[in-house]
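Since the structure comes first, as structure tokens, the remarks are kept for the end.
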Amino acid sequence: MRSENNTESTAFKEEEAKILELSLFKTGSGRQTKVSYQDTLKAFVECQGLEGDTIDLYLCQGNEKTIICQDVLVDRYGIAETSIPLLSSDITTDLIINQEKESGEVYIAAVYNDQEVKSDTFKITSEVVTFERGNSPVKVGVVEVEEKEEVLDPIDENDRFLPKLQIESINKIDKESKKIVYCIINENSTEVLDRKSMSIQFSVTHLGNCKEGFIFPIISTIPDVEKKDNIEKEELVDKIVIDGKPNTEGIIISGEINFRIDIYLKEKNIDKDIYIDFFSSTDSIMKDNYQNLDHRLKIKMVNKNKEDAVVVLTGEISSEQNNGDNCFFMYKVKIYNGICYDDYEDYTNKGALKETDTAELTRDAWKSDKKQKKKRSEERYGSLNEIPPGVYFLSYNSKGYGTIGYKLKISESPQNDVINGVDGIRDGLRIHSYFPKNSFGCLTTGINKKSSVDDFRKKIPILTKKSVHFIIKERMAEKENGVYVGVKLAE
């Protein structure tokens, strides 16, 4: 989308610009009325007069609208083409958490300024079991596996053991006592799972005529282990314990029963995507070529924390700058790429935060409004003064926010442009270039180059894809001539 500070030279183009049509296709097939939540859709948007500009795509259900693809470029032929991963949407998250078989009707909306064109409606179904894992902790989502008649082979179903596995609960295992300490899955919410250990409770029913056999759980780094003829030992990772005993043979299943597996992940595998596959057989021992096994269930633990970051603006002075008529302090910024906010808190509490990338920002805000359009607050964290300490979100838009078009926004959520500070509501808070004397309450890079903002952003690669947590710590400051000025701690 264009930012609000477009020049008059683009006005005629905007009047003529329009979105003509939006078509959706499932990768590898044609138009769809029902898709799996793990599918990726292809969107083709035909536009007029928008060549070289961008549009946004939203996933919509009822009155709820969530942006799913931002700044999709329209090519020289007037076509905007992009992939839409349904797994990343809030609608899919709700579907997983509530363990529903399918969503209500949803649609994709293509938006340019105040124009909106909708796709045909479709439904999102849940057909596999998956949960996602970060470095620590793990966010868990579970959905039911849809029963499919075609998994039965009518020729030999009497000789094959084809159980249906249903997840009943996922629990955390206490590291010290090895006891199960709480249930992860609640009726309407998802809790946090310890990064190294979990316990999964299953129930077993049957799709075939053979009621007795064995189940073999395999934990590996192989996304499609069911397609392999042989599995190398080094591809098998970590430890599985079945009902309190190490897994050396298959789990014997007779009739409809419940069983539990405990999984312990090693530190070296924390950053990897892990797959737990369940096979069944009438044999008690898994043969070397695995040809005696039927694949029954896959659980995927994806390391999502690789796609997150936490940025901390400290109260620690890293340098002192002299810009002609005024001096000011630069404050150290700590950038933790590859961890989520929950991880940051957990590691901080344990004193286990690792070394991180650093940057610098100024925190003073001294600009005066000569036209008196804005009045500086008498309160330290009020209007036009410095941003109060707190936990916020840092967002990036390559086209800029608001009328001035600064690219980095600080807000209480990625969806809004405000914070509710200790001295009142503040809006329009940015990170931009220049110095404290050029700031109406924003943070600045302390450098008289606009490129300094991009240099700062490049230290946080994930910012081009998503907003990240931005923590502002306390600092020392005193009021001088009506503005707050940073001061050093007494030595």
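Starting from 1 in every chain, residues are counted up; chains themselves are A, B, ... following the order of the structure tokens, and ligands are numbered from 1 as listed.
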Which polymer residues have any atom within 8 Å of an atom of Val391 (chain A), counting only C-alpha atoms, with same-chain residues fewer than 2 positions away left out, as a ChimeraX atom specification? /A:389,393,412,469-472
